[in-house]
Amino acid sequence: DQGVVHLRPDETVVGAFRDKIAMHAQAQERYASIRSKPAVTTDGQRINMVMNAGLMADLPSLDSSGAEGVGLFRTELQFLVRNQMPKRSELVALYKRVLDAAHGKPVIFRTLDIGSDKVLPYMKPTDEPNPALGWRAIRVGLDKPGIMRMQLQALLRSAEGRPLSIMFPFVAQFEEYRAAKAEVDKTIERERILGHVLPAELEIGAMLETPSLAYAPQKFFDEVAFISIGGNDLKQFFFAADRENERVRRRYDTLNVSFLSFIERIVERCAISGTPLSFCGEDAGRPVEAVCLAAMGIRTLSMRPASIGPVKSLLLRVDLGELRKIISDARHRGDQAVRPAVMKYLREL
Ligand code: PEP
Ligand code: MG
């Protein structure tokens with residue numbers, strides 16, 4: 001959980017990690033009593049706790065963590081772990097197993113998000129000076145629609161008539177969402193002609209990972225079924241600080257007043273159209289960050305399963321109204337980040 005790899009660790013390091021794992025297991029046990037409890041804050045705000053996944057191996061965690069669904073299923077992992085492009089039939093089988101394992105809990109499948117930090121071993125590498133700002137995610141999908149159509153077909157078939165949610169990554173402007181949605185509509189029509197069963201309900205959402213989308217026309221917010229903030233990418237573009245670059249990636253705090261104000265703006269825009277909004281970046285799984293995101297108005301948090309216990313445990317103890325006031329006071333004082341004021345409040349709980 002630190003992004004650190006120890007090569008050939010000596011016995012002290014191994015011992016330290018053994019302890020850490022044991023602690024972790026114990027800590028998870030601590031959360032067993034709240035596993036099936038809804039995350040309701042002391043001022044009665046209900047937060048929907050969902051999980052991020054990408055492999056079949058993640059799915060047993062749906063029950064063990066108490067997640068209410070999968071808020072982000074990263075489909076590229078299936079493409080990354082192979083040495084050739086998976087076949088449509090393989091994808092249908094896999095997505096079907098995911099939906100079966102969810103037992104009716106909602107699952108949001110994100111279409112292929114490749115490029116930048118995720119390079120497929122069997123695709124010609126593109127020589128780009130700035131891959132994170134380059135040809136990636138929905139940009140690849142729209143320019144080379146073959147793979148996207150194959151994946152959409154696989155998703156529609158895997159549902160076998162059940163409700164289905166699909167989300168497009170890295171949408172930077174309304175037109176990209178529209179073009180992707182048009183591909184979905186075309187695929188549905190083709191499936192209908194071929195006589196395949198269609199999902200009972202189909203929701204098409206977008207990830208908000210570039211600041212530009214927060215200022216999209218209101219019509220975008222009206223048309224999109226749901227929005228999920230990809231905080232990992234959004235933060236790197238907001239601060240112009242590469243998420244992969246150790247020199248800069250910790251330089252800007254998620255609890256920076258400007259970033260939280262930006263999140264609040266997105267919440268307000270979604271509220272106008274009643275668009276469901278979630279947050280699925282790593283910060284959703286960090287308890288202090290998560291309660292601040294909830295205080296800014298986010299009502300669905302999607303995180304790695306092991307984070308659900310710790311985040312819920314803190315949510316159950318905080319008053320979002322009070323936190324909001326603390327954040328707003330810090331903002332008026334001109335603090336750079338609200339972290340010190342928030343930590344003071346949390347320590348006194
Ligand atoms: C994000 O950018 O926050 C996100 C959830 O997507 P990924 O980390 O896969 O880019
Ligand atoms: Mg992203």
# chains A, B, ... in the order shown; residues from 1 in each chain; ligands from 1
>>> closest_atom_pairs(of="region 117-144 of chain A", to="region 165-189 of chain A", cutoff="8 Å", atoms="only C-alpha atoms", output="JSON lines")
{"residue": "A:Ala137", "atom": "CA", "partner": "A:Pro169", "partner_atom": "CA", "distance": 5.9}
{"residue": "A:Ile138", "atom": "CA", "partner": "A:Pro169", "partner_atom": "CA", "distance": 5.9}
{"residue": "A:Leu142", "atom": "CA", "partner": "A:Ala180", "partner_atom": "CA", "distance": 6.9}
>>> closest_atom_pairs(of="region 252-288 of chain A", to="region 295-306 of chain A", cutoff="10 Å", atoms="only C-alpha atoms", output="Markdown table")
| residue | atom | partner | partner_atom | distance |
| --- | --- | --- | --- | --- |
| A:Leu260 | CA | A:Met296 | CA | 7.1 |
| A:Ser261 | CA | A:Met296 | CA | 8.1 |
| A:Phe262 | CA | A:Met296 | CA | 9.6 |
| A:Ile263 | CA | A:Met296 | CA | 7.0 |
| A:Glu264 | CA | A:Met296 | CA | 5.4 |
| A:Arg265 | CA | A:Met296 | CA | 9.1 |
| A:Ile266 | CA | A:Gly297 | CA | 9.4 |
| A:Val267 | CA | A:Gly297 | CA | 6.2 |
| A:Glu268 | CA | A:Gly297 | CA | 8.5 |
| A:Ala271 | CA | A:Gly297 | CA | 9.6 |
| A:Pro276 | CA | A:Thr300 | CA | 8.6 |
| A:Leu277 | CA | A:Ile298 | CA | 6.8 |
| A:Ser278 | CA | A:Thr300 | CA | 4.6 |
| A:Phe279 | CA | A:Leu301 | CA | 5.2 |
| A:Cys280 | CA | A:Ser302 | CA | 4.5 |
| A:Gly281 | CA | A:Met303 | CA | 7.2 |
| A:Glu282 | CA | A:Met303 | CA | 6.5 |
| A:Asp283 | CA | A:Met303 | CA | 8.1 |
| A:Ala284 | CA | A:Leu301 | CA | 5.6 |
| A:Gly285 | CA | A:Met303 | CA | 4.9 |
| A:Arg286 | CA | A:Met303 | CA | 8.7 |
>>> residues_around(residues="Thr41 (chain A)", least_positions_apart="4", cutoff="8 Å", atoms="only C-alpha atoms", output="VMD selection string")
chain A and resid 45 to 47 315 to 320
>>> write_last_selection(atoms="all heavy atoms", output="compact mmCIF listing (two decimals), in the first residue's frame")
# COMPACT_ATOMS: atom_id res chain seq x y z
N GLN A 45 -25.78 11.82 7.59
CA GLN A 45 -25.51 11.75 6.15
C GLN A 45 -25.07 10.33 5.79
O GLN A 45 -24.15 9.79 6.40
CB GLN A 45 -24.41 12.73 5.75
CG GLN A 45 -24.70 14.18 6.10
CD GLN A 45 -25.88 14.73 5.33
OE1 GLN A 45 -26.04 14.43 4.15
NE2 GLN A 45 -26.71 15.52 5.99
N ARG A 46 -25.72 9.75 4.79
CA ARG A 46 -25.43 8.38 4.39
C ARG A 46 -24.44 8.39 3.22
O ARG A 46 -24.69 9.00 2.18
CB ARG A 46 -26.76 7.75 3.96
CG ARG A 46 -26.66 6.43 3.23
CD ARG A 46 -26.56 5.29 4.23
NE ARG A 46 -26.89 4.01 3.60
CZ ARG A 46 -26.02 3.24 2.96
NH1 ARG A 46 -24.76 3.61 2.83
NH2 ARG A 46 -26.42 2.09 2.46
N ILE A 47 -23.31 7.72 3.42
CA ILE A 47 -22.29 7.64 2.36
C ILE A 47 -22.30 6.22 1.79
O ILE A 47 -22.24 5.25 2.53
CB ILE A 47 -20.87 7.98 2.89
CG1 ILE A 47 -20.87 9.28 3.71
CG2 ILE A 47 -19.86 8.05 1.75
CD1 ILE A 47 -21.25 10.55 2.97
N LEU A 315 -15.98 7.70 9.21
CA LEU A 315 -17.23 8.37 8.81
C LEU A 315 -18.30 8.28 9.91
O LEU A 315 -19.04 9.22 10.15
CB LEU A 315 -17.78 7.75 7.52
CG LEU A 315 -17.14 8.24 6.21
CD1 LEU A 315 -17.53 7.33 5.05
CD2 LEU A 315 -17.56 9.68 5.90
N LEU A 316 -18.34 7.11 10.57
CA LEU A 316 -19.36 6.90 11.61
C LEU A 316 -19.18 7.86 12.79
O LEU A 316 -20.09 8.06 13.57
CB LEU A 316 -19.30 5.46 12.13
CG LEU A 316 -19.76 4.36 11.16
CD1 LEU A 316 -19.40 2.97 11.69
CD2 LEU A 316 -21.25 4.46 10.90
N ARG A 317 -17.96 8.45 12.90
CA ARG A 317 -17.68 9.30 14.06
C ARG A 317 -17.71 10.79 13.76
O ARG A 317 -17.61 11.61 14.66
CB ARG A 317 -16.31 8.92 14.64
CG ARG A 317 -16.31 7.51 15.25
CD ARG A 317 -14.90 6.98 15.44
NE ARG A 317 -14.09 7.88 16.21
CZ ARG A 317 -12.80 8.12 16.01
NH1 ARG A 317 -12.16 7.51 15.03
NH2 ARG A 317 -12.14 8.96 16.76
N VAL A 318 -17.78 11.16 12.49
CA VAL A 318 -17.69 12.60 12.19
C VAL A 318 -19.05 13.24 11.89
O VAL A 318 -20.01 12.57 11.53
CB VAL A 318 -16.74 12.89 10.98
CG1 VAL A 318 -15.32 12.46 11.29
CG2 VAL A 318 -17.25 12.22 9.72
N ASP A 319 -19.05 14.55 12.08
CA ASP A 319 -20.22 15.37 11.76
C ASP A 319 -19.82 16.17 10.51
O ASP A 319 -18.93 17.04 10.58
CB ASP A 319 -20.50 16.29 12.96
CG ASP A 319 -21.69 17.20 12.73
OD1 ASP A 319 -21.81 17.76 11.62
OD2 ASP A 319 -22.50 17.38 13.67
N LEU A 320 -20.43 15.87 9.38
CA LEU A 320 -19.99 16.51 8.13
C LEU A 320 -20.26 18.01 8.14
O LEU A 320 -19.51 18.78 7.55
CB LEU A 320 -20.67 15.85 6.92
CG LEU A 320 -20.26 14.41 6.60
CD1 LEU A 320 -20.87 13.98 5.28
CD2 LEU A 320 -18.75 14.25 6.56
>>> residues_near_ligand(ligand="ligand 1", cutoff="7 Å", atoms="only C-alpha atoms and all ligand atoms", output="list of chain:residue names")
A:Arg74, A:Glu209, A:Ile229, A:Gly230, A:Gly231, A:Asn232, A:Asp233, A:Leu234, A:Cys280, A:Gly281, A:Glu282
>>> atom_distance(atom1="CA of Asp58 (chain A)", atom2="CA of Arg35 (chain A)")
16.9 Å
>>> decode(residues="region 313-327 of chain A", atoms="all heavy atoms", output="CSV table (one decimal), in the first residue's frame")
chain,number,residue,atom,x,y,z
A,313,SER,N,-15.2,3.5,9.5
A,313,SER,CA,-15.1,3.7,10.9
A,313,SER,C,-15.0,5.2,11.3
A,313,SER,O,-15.5,5.6,12.2
A,313,SER,CB,-13.9,2.8,11.4
A,313,SER,OG,-13.3,3.4,12.5
A,314,LEU,N,-14.2,5.9,10.4
A,314,LEU,CA,-14.1,7.3,10.7
A,314,LEU,C,-15.4,8.1,10.3
A,314,LEU,O,-15.8,9.0,11.1
A,314,LEU,CB,-12.9,7.9,9.9
A,314,LEU,CG,-12.5,9.4,10.3
A,314,LEU,CD1,-12.2,9.5,11.8
A,314,LEU,CD2,-11.3,9.8,9.5
A,315,LEU,N,-16.0,7.7,9.2
A,315,LEU,CA,-17.2,8.4,8.8
A,315,LEU,C,-18.3,8.3,9.9
A,315,LEU,O,-19.0,9.2,10.1
A,315,LEU,CB,-17.8,7.7,7.5
A,315,LEU,CG,-17.1,8.2,6.2
A,315,LEU,CD1,-17.5,7.3,5.1
A,315,LEU,CD2,-17.6,9.7,5.9
A,316,LEU,N,-18.3,7.1,10.6
A,316,LEU,CA,-19.4,6.9,11.6
A,316,LEU,C,-19.2,7.9,12.8
A,316,LEU,O,-20.1,8.1,13.6
A,316,LEU,CB,-19.3,5.5,12.1
A,316,LEU,CG,-19.8,4.4,11.2
A,316,LEU,CD1,-19.4,3.0,11.7
A,316,LEU,CD2,-21.3,4.5,10.9
A,317,ARG,N,-18.0,8.4,12.9
A,317,ARG,CA,-17.7,9.3,14.1
A,317,ARG,C,-17.7,10.8,13.8
A,317,ARG,O,-17.6,11.6,14.7
A,317,ARG,CB,-16.3,8.9,14.6
A,317,ARG,CG,-16.3,7.5,15.2
A,317,ARG,CD,-14.9,7.0,15.4
A,317,ARG,NE,-14.1,7.9,16.2
A,317,ARG,CZ,-12.8,8.1,16.0
A,317,ARG,NH1,-12.2,7.5,15.0
A,317,ARG,NH2,-12.1,9.0,16.8
A,318,VAL,N,-17.8,11.2,12.5
A,318,VAL,CA,-17.7,12.6,12.2
A,318,VAL,C,-19.0,13.2,11.9
A,318,VAL,O,-20.0,12.6,11.5
A,318,VAL,CB,-16.7,12.9,11.0
A,318,VAL,CG1,-15.3,12.5,11.3
A,318,VAL,CG2,-17.3,12.2,9.7
A,319,ASP,N,-19.0,14.6,12.1
A,319,ASP,CA,-20.2,15.4,11.8
A,319,ASP,C,-19.8,16.2,10.5
A,319,ASP,O,-18.9,17.0,10.6
A,319,ASP,CB,-20.5,16.3,13.0
A,319,ASP,CG,-21.7,17.2,12.7
A,319,ASP,OD1,-21.8,17.8,11.6
A,319,ASP,OD2,-22.5,17.4,13.7
A,320,LEU,N,-20.4,15.9,9.4
A,320,LEU,CA,-20.0,16.5,8.1
A,320,LEU,C,-20.3,18.0,8.1
A,320,LEU,O,-19.5,18.8,7.6
A,320,LEU,CB,-20.7,15.9,6.9
A,320,LEU,CG,-20.3,14.4,6.6
A,320,LEU,CD1,-20.9,14.0,5.3
A,320,LEU,CD2,-18.7,14.2,6.6
A,321,GLY,N,-21.3,18.4,8.8
A,321,GLY,CA,-21.6,19.8,8.9
A,321,GLY,C,-20.5,20.6,9.6
A,321,GLY,O,-20.1,21.6,9.2
A,322,GLU,N,-20.0,20.0,10.7
A,322,GLU,CA,-19.0,20.6,11.5
A,322,GLU,C,-17.7,20.7,10.7
A,322,GLU,O,-17.0,21.6,10.6
A,322,GLU,CB,-18.7,19.8,12.8
A,322,GLU,CG,-19.4,20.4,14.0
A,322,GLU,CD,-19.1,19.6,15.2
A,322,GLU,OE1,-17.9,19.5,15.6
A,322,GLU,OE2,-20.0,19.1,15.9
A,323,LEU,N,-17.4,19.5,10.0
A,323,LEU,CA,-16.2,19.4,9.2
A,323,LEU,C,-16.2,20.5,8.1
A,323,LEU,O,-15.2,21.1,7.8
A,323,LEU,CB,-16.1,18.1,8.5
A,323,LEU,CG,-15.1,17.1,9.0
A,323,LEU,CD1,-15.2,15.8,8.2
A,323,LEU,CD2,-13.7,17.6,8.9
A,324,ARG,N,-17.4,20.7,7.5
A,324,ARG,CA,-17.6,21.6,6.4
A,324,ARG,C,-17.3,23.1,6.9
A,324,ARG,O,-16.6,23.9,6.2
A,324,ARG,CB,-19.0,21.6,5.9
A,324,ARG,CG,-19.1,21.9,4.5
A,324,ARG,CD,-20.6,21.8,4.1
A,324,ARG,NE,-20.7,22.6,2.9
A,324,ARG,CZ,-20.4,22.3,1.7
A,324,ARG,NH1,-20.0,21.1,1.4
A,324,ARG,NH2,-20.6,23.1,0.7
A,325,LYS,N,-17.7,23.3,8.2
A,325,LYS,CA,-17.4,24.6,8.7
A,325,LYS,C,-15.9,24.8,9.0
A,325,LYS,O,-15.4,25.9,8.7
A,325,LYS,CB,-18.3,24.8,10.0
A,325,LYS,CG,-17.9,25.9,10.9
A,325,LYS,CD,-19.1,26.7,11.3
A,325,LYS,CE,-18.8,28.0,12.0
A,325,LYS,NZ,-17.4,28.4,12.2
A,326,ILE,N,-15.3,23.8,9.5
A,326,ILE,CA,-13.8,23.8,9.7
A,326,ILE,C,-13.1,24.1,8.4
A,326,ILE,O,-12.2,24.9,8.3
A,326,ILE,CB,-13.4,22.5,10.4
A,326,ILE,CG1,-13.9,22.5,11.8
A,326,ILE,CG2,-11.9,22.3,10.3
A,326,ILE,CD1,-13.9,21.1,12.4
A,327,ILE,N,-13.5,23.4,7.4
A,327,ILE,CA,-12.9,23.6,6.0
A,327,ILE,C,-13.1,25.0,5.5
A,327,ILE,O,-12.2,25.7,5.1
A,327,ILE,CB,-13.4,22.5,5.0
A,327,ILE,CG1,-13.0,21.1,5.5
A,327,ILE,CG2,-13.0,22.8,3.6
A,327,ILE,CD1,-13.6,20.0,4.7
